[in-house]
Amino acid sequence: MVRATNNRAWLLVLPALVLIIASAGLPLMAVINYAFQDVFPGDNYFWVGTTWFQELLNSSQFRWALARSLLFCLLVLAIELPLGIFIALRMPGKSRLAGFYIILMCIPLLTPWMVVGLVWKLLINVETGLLGSALAAIGLVYNLENPVVAWATIIAMDVWHWTSLIVLLCYAGLMSIPDDYYRAARIDGASKWSIFRYIQLPKLRRVLLIAILLRFMDSFMVYAEPFVVTRGGPGTATTFLSVELVQTALKQFDLGRASAMGVIYFLIMLAVSWSLFKVMMKPAD
């Protein structure tokens with residue numbers, strides 16, 4: 001006898017699905033529509049097919065903006081992942097101090113992107129900022145016109161803002177490891193490095209993949225920090241793909257080209273996110 005399947009549980013997620021379609025699905029459809037048309041004032045639309053996509057893929061300006069965005073993602077991940085794991089390993093375990101450290105780690109995450117940019121811009125100000133005035137006192141000038149300094153500033157902001165996310169994820173993963181593993185390791189005389197290499201790191205595999213996925217999406221979409229602090233400068237040194245897209249859409253009012261850029265942006269994020277998801281769902285050896 002075949003038992004009937006009750007699918008009424010899907011009704012519980014129906015409101016969320018409706019909200020997602022209304023807030024994300026409809027705007028995405030509009031962007032895809034604009035990507036194949038040339039838009040003029042007065043609601044005048046002219047079909048251009050894949051012209052915008054061909055121009056973007058052949059544009060050195062677009063390719064350099066994409067390269068800067070990907071480089072920024074790699075740099076912040078290379079810093080934040082090891083740093084987050086290091087801090088998580090040194091946080092207290094199941095004790096009263098654990099709650100205090102968790103709250104401390106949450107403070108940067110609760111700070112809005114725009115506020116982070118404004119705070120750091122004030123911090124590096126030569127006349128009033130703590131860091132800027134301290135460097136000026138010893139004869140050094142915090143010069144954002146230097147591309148290396150501009151990049152270092154944006155990376156430092158991102159590291160301060162988002163390392164806590166990796167710390168909290170890794171800490172939760174470490175707390176979920178049964179004590180039996182540690183007891184067996186102590187009986188075998190395993191060193192701290194061996195415990196990390198053969199127990200903690202394998203158990204953190206999926207947690208770290210989730211952290212990489214979340215941080216890739218956030219860092220690839222970074223906009224507020226470089227916009228507030230450097231305005232994409234000096235020159236185009238910090239003009240990431242997000243900044244290039246906003247400038248194309250709002251300053252140049254080239255909606256067709258900006259929409260095509262947004263579609264490519266979306267496809268890149270979708271491809272990377274799907275790849276990481278497939279790796280994450282792969283059974284561990």
# chains A, B, ... in the order shown; residues from 1 in each chain; ligands from 1

$ closest_atom_pairs --of "range 17-132 of chain A" --to "range 217-221 of chain A" --cutoff "7 Å" --atoms "only C-alpha atoms" --output "Markdown table"
| residue | atom | partner | partner_atom | distance |
| --- | --- | --- | --- | --- |
| A:Ser69 | CA | A:Phe220 | CA | 5.8 |
| A:Leu70 | CA | A:Phe220 | CA | 6.8 |
| A:Cys73 | CA | A:Ser219 | CA | 5.5 |

$ closest_atom_pairs --of "range 77-173 of chain A" --to "range 234-237 of chain A" --cutoff "8 Å" --atoms "only C-alpha atoms" --output "CSV"
residue,atom,partner,partner_atom,distance
A:Leu144,CA,A:Pro234,CA,7.2
A:Glu145,CA,A:Pro234,CA,5.2
A:Asn146,CA,A:Pro234,CA,6.9
A:Pro147,CA,A:Ala237,CA,5.9
A:Ala150,CA,A:Pro234,CA,7.6
A:Trp151,CA,A:Ala237,CA,7.9

$ write_last_selection --atoms "all heavy atoms" --output "short mmCIF file (atom, residue, chain, number, x, y, z; two decimals), in the first residue's frame"
data_model
loop_
_atom_site.label_atom_id
_atom_site.label_comp_id
_atom_site.auth_asym_id
_atom_site.auth_seq_id
_atom_site.Cartn_x
_atom_site.Cartn_y
_atom_site.Cartn_z
N LEU A 144 46.07 58.78 0.65
CA LEU A 144 45.17 57.90 -0.10
C LEU A 144 45.37 58.03 -1.61
O LEU A 144 44.76 57.29 -2.37
CB LEU A 144 43.72 58.20 0.25
CG LEU A 144 43.22 57.65 1.59
CD1 LEU A 144 41.79 58.12 1.85
CD2 LEU A 144 43.29 56.13 1.63
N GLU A 145 46.18 59.00 -2.03
CA GLU A 145 46.49 59.10 -3.45
C GLU A 145 47.47 58.04 -3.90
O GLU A 145 47.71 57.88 -5.09
CB GLU A 145 47.05 60.50 -3.76
CG GLU A 145 46.06 61.63 -3.54
CD GLU A 145 44.80 61.47 -4.38
OE1 GLU A 145 44.94 61.12 -5.58
OE2 GLU A 145 43.70 61.66 -3.86
N ASN A 146 48.03 57.33 -2.93
CA ASN A 146 48.91 56.20 -3.25
C ASN A 146 48.04 54.95 -3.40
O ASN A 146 47.32 54.58 -2.46
CB ASN A 146 49.92 56.01 -2.12
CG ASN A 146 50.95 54.95 -2.45
OD1 ASN A 146 50.67 53.96 -3.12
ND2 ASN A 146 52.17 55.15 -1.96
N PRO A 147 48.07 54.28 -4.55
CA PRO A 147 47.20 53.11 -4.75
C PRO A 147 47.42 52.01 -3.71
O PRO A 147 46.45 51.37 -3.29
CB PRO A 147 47.59 52.63 -6.15
CG PRO A 147 48.14 53.83 -6.84
CD PRO A 147 48.83 54.62 -5.77
N ALA A 150 45.66 53.08 -0.56
CA ALA A 150 44.20 52.99 -0.75
C ALA A 150 43.73 51.54 -0.64
O ALA A 150 42.74 51.25 0.03
CB ALA A 150 43.82 53.58 -2.10
N TRP A 151 44.45 50.63 -1.30
CA TRP A 151 44.08 49.22 -1.22
C TRP A 151 44.24 48.69 0.20
O TRP A 151 43.37 47.95 0.69
CB TRP A 151 44.96 48.41 -2.18
CG TRP A 151 44.34 48.21 -3.52
CD1 TRP A 151 44.29 49.12 -4.55
CD2 TRP A 151 43.65 47.04 -3.99
NE1 TRP A 151 43.63 48.58 -5.62
CE2 TRP A 151 43.24 47.32 -5.31
CE3 TRP A 151 43.37 45.81 -3.44
CZ2 TRP A 151 42.53 46.39 -6.08
CZ3 TRP A 151 42.68 44.88 -4.20
CH2 TRP A 151 42.26 45.17 -5.50
#

$ residues_around --residues "Gly49 in chain A" --least-positions-apart "5" --cutoff "9 Å" --atoms "only C-alpha atoms" --output "PyMOL selection string"
chain A and resi 35-37

$ write_last_selection --atoms "N, CA, C and O atoms" --output "compact mmCIF listing (two decimals), in the first residue's frame"
# COMPACT_ATOMS: atom_id res chain seq x y z
N ALA A 35 18.99 44.61 -20.30
CA ALA A 35 20.30 44.22 -20.80
C ALA A 35 20.30 43.98 -22.31
O ALA A 35 21.37 44.00 -22.94
N PHE A 36 19.14 43.75 -22.89
CA PHE A 36 19.06 43.50 -24.33
C PHE A 36 18.47 44.68 -25.08
O PHE A 36 18.09 44.54 -26.24
N GLN A 37 18.39 45.84 -24.43
CA GLN A 37 17.80 47.01 -25.07
C GLN A 37 18.65 48.25 -24.79
O GLN A 37 19.43 48.28 -23.84

$ atom_distance --atom1 "CA of Ile102 in chain A" --atom2 "CA of Val207 in chain A"
17.0 Å

$ residues_around --residues "Met105 in chain A" --least-positions-apart "6" --cutoff "9 Å" --atoms "only C-alpha atoms" --output "PyMOL selection string"
chain A and resi 163-165+167-168

$ closest_residue --among "A:Leu66, A:Ala137, A:Leu214, A:Leu109" --to "His161 in chain A" --atoms "only C-alpha atoms"
A:Leu109

$ closest_residue --among "A:Ile32, A:Leu83, A:Ile154, A:Met281" --to "Gly117 in chain A" --atoms "only C-alpha atoms"
A:Ile154

$ select_by_dssp --residues "range 8-213 of chain A" --states "strand (DSSP E or B)" --output "PyMOL selection string"
chain A and resi 37-40+44-47

$ residues_around --residues "range 121-123 of chain A" --least-positions-apart "4" --cutoff "9 Å" --atoms "only C-alpha atoms" --output "PyMOL selection string"
chain A and resi 116-117+128-133+228-229

$ residues_around --residues "Thr238 in chain A" --least-positions-apart "5" --cutoff "7 Å" --atoms "only C-alpha atoms" --output "number ranges by chain"
A: 151, 226, 232-233

$ write_last_selection --atoms "N, CA and C atoms" --output "CSV table (one decimal), in the first residue's frame"
chain,number,residue,atom,x,y,z
A,151,TRP,N,44.4,50.6,-1.3
A,151,TRP,CA,44.1,49.2,-1.2
A,151,TRP,C,44.2,48.7,0.2
A,226,PRO,N,34.9,51.4,-0.5
A,226,PRO,CA,35.7,52.2,-1.5
A,226,PRO,C,35.0,53.4,-2.0
A,232,GLY,N,36.6,55.3,-5.5
A,232,GLY,CA,37.1,54.5,-6.7
A,232,GLY,C,38.5,54.9,-7.1
A,233,GLY,N,39.2,55.8,-6.4
A,233,GLY,CA,40.5,56.3,-6.8
A,233,GLY,C,41.6,55.6,-5.9

$ closest_residue --among "A:Val149, A:Ala224, A:Tyr101, A:Val48" --to "Ala88 in chain A" --atoms "only C-alpha atoms"
A:Tyr101

$ atom_distance --atom1 "CA of Met114 in chain A" --atom2 "CA of Glu225 in chain A"
6.6 Å

$ closest_atom_pairs --of "range 154-253 of chain A" --to "range 92-97 of chain A" --cutoff "10 Å" --atoms "only C-alpha atoms" --output "CSV"
residue,atom,partner,partner_atom,distance
A:Tyr171,CA,A:Gly93,CA,8.8
A:Leu174,CA,A:Gly93,CA,8.9
A:Met175,CA,A:Gly93,CA,7.3

$ write_last_selection --atoms "N, CA and C atoms" --output "tab-separated table (two decimals), in the first residue's frame"
chain	number	residue	atom	x	y	z
A	171	TYR	N	34.09	29.05	15.57
A	171	TYR	CA	33.88	28.76	16.99
A	171	TYR	C	32.70	27.80	17.17
A	174	LEU	N	33.85	24.38	16.13
A	174	LEU	CA	34.73	23.76	17.12
A	174	LEU	C	33.93	23.25	18.32
A	175	MET	N	32.92	24.00	18.73
A	175	MET	CA	32.12	23.60	19.87
A	175	MET	C	31.26	22.36	19.57

$ residues_around --residues "Ala185 in chain A" --least-positions-apart "5" --cutoff "10 Å" --atoms "only C-alpha atoms" --output "PyMOL selection string"
chain A and resi 179-180+190-192+194-195+198-199

$ atom_distance --atom1 "CA of Leu276 in chain A" --atom2 "CA of Leu208 in chain A"
10.6 Å

$ select_by_dssp --residues "range 10-258 of chain A" --states "helix (DSSP H, G or I)" --output "PyMOL selection string"
chain A and resi 10-12+14-35+51-57+60-90+96-109+113-123+130-137+147-175+179-187+192-203+205-220+224-229+241-251+255-258

$ decode --residues "range 148-172 of chain A" --atoms "N, CA, C and O atoms" --output "short mmCIF file (atom, residue, chain, number, x, y, z; two decimals), in the first residue's frame"
data_model
loop_
_atom_site.label_atom_id
_atom_site.label_comp_id
_atom_site.auth_asym_id
_atom_site.auth_seq_id
_atom_site.Cartn_x
_atom_site.Cartn_y
_atom_site.Cartn_z
N VAL A 148 48.66 51.80 -3.28
CA VAL A 148 48.94 50.76 -2.28
C VAL A 148 48.28 51.11 -0.96
O VAL A 148 47.67 50.25 -0.29
N VAL A 149 48.36 52.39 -0.56
CA VAL A 149 47.74 52.83 0.69
C VAL A 149 46.22 52.72 0.59
O VAL A 149 45.55 52.30 1.54
N ALA A 150 45.66 53.08 -0.56
CA ALA A 150 44.20 52.99 -0.75
C ALA A 150 43.73 51.54 -0.64
O ALA A 150 42.74 51.25 0.03
N TRP A 151 44.45 50.63 -1.30
CA TRP A 151 44.08 49.22 -1.22
C TRP A 151 44.24 48.69 0.20
O TRP A 151 43.37 47.95 0.69
N ALA A 152 45.34 49.04 0.86
CA ALA A 152 45.56 48.57 2.23
C ALA A 152 44.47 49.06 3.16
O ALA A 152 44.03 48.33 4.06
N THR A 153 44.00 50.28 2.94
CA THR A 153 42.94 50.83 3.79
C THR A 153 41.64 50.07 3.61
O THR A 153 40.97 49.70 4.59
N ILE A 154 41.25 49.81 2.37
CA ILE A 154 39.99 49.10 2.11
C ILE A 154 40.07 47.66 2.61
O ILE A 154 39.10 47.14 3.18
N ILE A 155 41.21 47.02 2.43
CA ILE A 155 41.37 45.65 2.92
C ILE A 155 41.31 45.63 4.45
O ILE A 155 40.67 44.75 5.05
N ALA A 156 41.96 46.61 5.10
CA ALA A 156 41.93 46.67 6.56
C ALA A 156 40.50 46.88 7.07
O ALA A 156 40.09 46.28 8.07
N MET A 157 39.73 47.71 6.39
CA MET A 157 38.34 47.92 6.78
C MET A 157 37.55 46.63 6.67
O MET A 157 36.76 46.28 7.57
N ASP A 158 37.73 45.92 5.58
CA ASP A 158 36.99 44.68 5.38
C ASP A 158 37.39 43.62 6.40
O ASP A 158 36.54 42.89 6.92
N VAL A 159 38.69 43.54 6.69
CA VAL A 159 39.17 42.57 7.68
C VAL A 159 38.58 42.87 9.05
O VAL A 159 38.13 41.97 9.77
N TRP A 160 38.57 44.15 9.43
CA TRP A 160 37.98 44.52 10.72
C TRP A 160 36.49 44.22 10.76
O TRP A 160 35.97 43.76 11.78
N HIS A 161 35.82 44.44 9.65
CA HIS A 161 34.36 44.33 9.61
C HIS A 161 33.90 42.88 9.60
O HIS A 161 32.91 42.53 10.26
N TRP A 162 34.61 41.99 8.87
CA TRP A 162 34.04 40.68 8.58
C TRP A 162 34.81 39.49 9.13
O TRP A 162 34.33 38.35 9.02
N THR A 163 35.99 39.70 9.71
CA THR A 163 36.69 38.56 10.30
C THR A 163 35.87 37.92 11.41
O THR A 163 35.92 36.70 11.62
N SER A 164 35.10 38.74 12.11
CA SER A 164 34.27 38.22 13.20
C SER A 164 33.29 37.15 12.72
O SER A 164 32.98 36.21 13.46
N LEU A 165 32.80 37.28 11.48
CA LEU A 165 31.87 36.28 10.96
C LEU A 165 32.55 34.92 10.87
O LEU A 165 31.97 33.89 11.27
N ILE A 166 33.78 34.90 10.38
CA ILE A 166 34.51 33.64 10.27
C ILE A 166 34.84 33.10 11.67
O ILE A 166 34.78 31.90 11.91
N VAL A 167 35.17 34.01 12.60
CA VAL A 167 35.46 33.59 13.97
C VAL A 167 34.24 32.88 14.57
O VAL A 167 34.36 31.80 15.16
N LEU A 168 33.07 33.48 14.44
CA LEU A 168 31.86 32.90 15.03
C LEU A 168 31.49 31.57 14.38
O LEU A 168 31.09 30.63 15.06
N LEU A 169 31.63 31.49 13.06
CA LEU A 169 31.33 30.23 12.38
C LEU A 169 32.30 29.13 12.81
O LEU A 169 31.88 28.00 13.10
N CYS A 170 33.59 29.46 12.87
CA CYS A 170 34.58 28.46 13.27
C CYS A 170 34.41 28.08 14.74
O CYS A 170 34.57 26.90 15.11
N TYR A 171 34.09 29.05 15.57
CA TYR A 171 33.88 28.76 16.99
C TYR A 171 32.70 27.80 17.17
O TYR A 171 32.78 26.84 17.96
N ALA A 172 31.61 28.05 16.45
CA ALA A 172 30.45 27.14 16.52
C ALA A 172 30.83 25.75 16.03
O ALA A 172 30.41 24.73 16.60
#
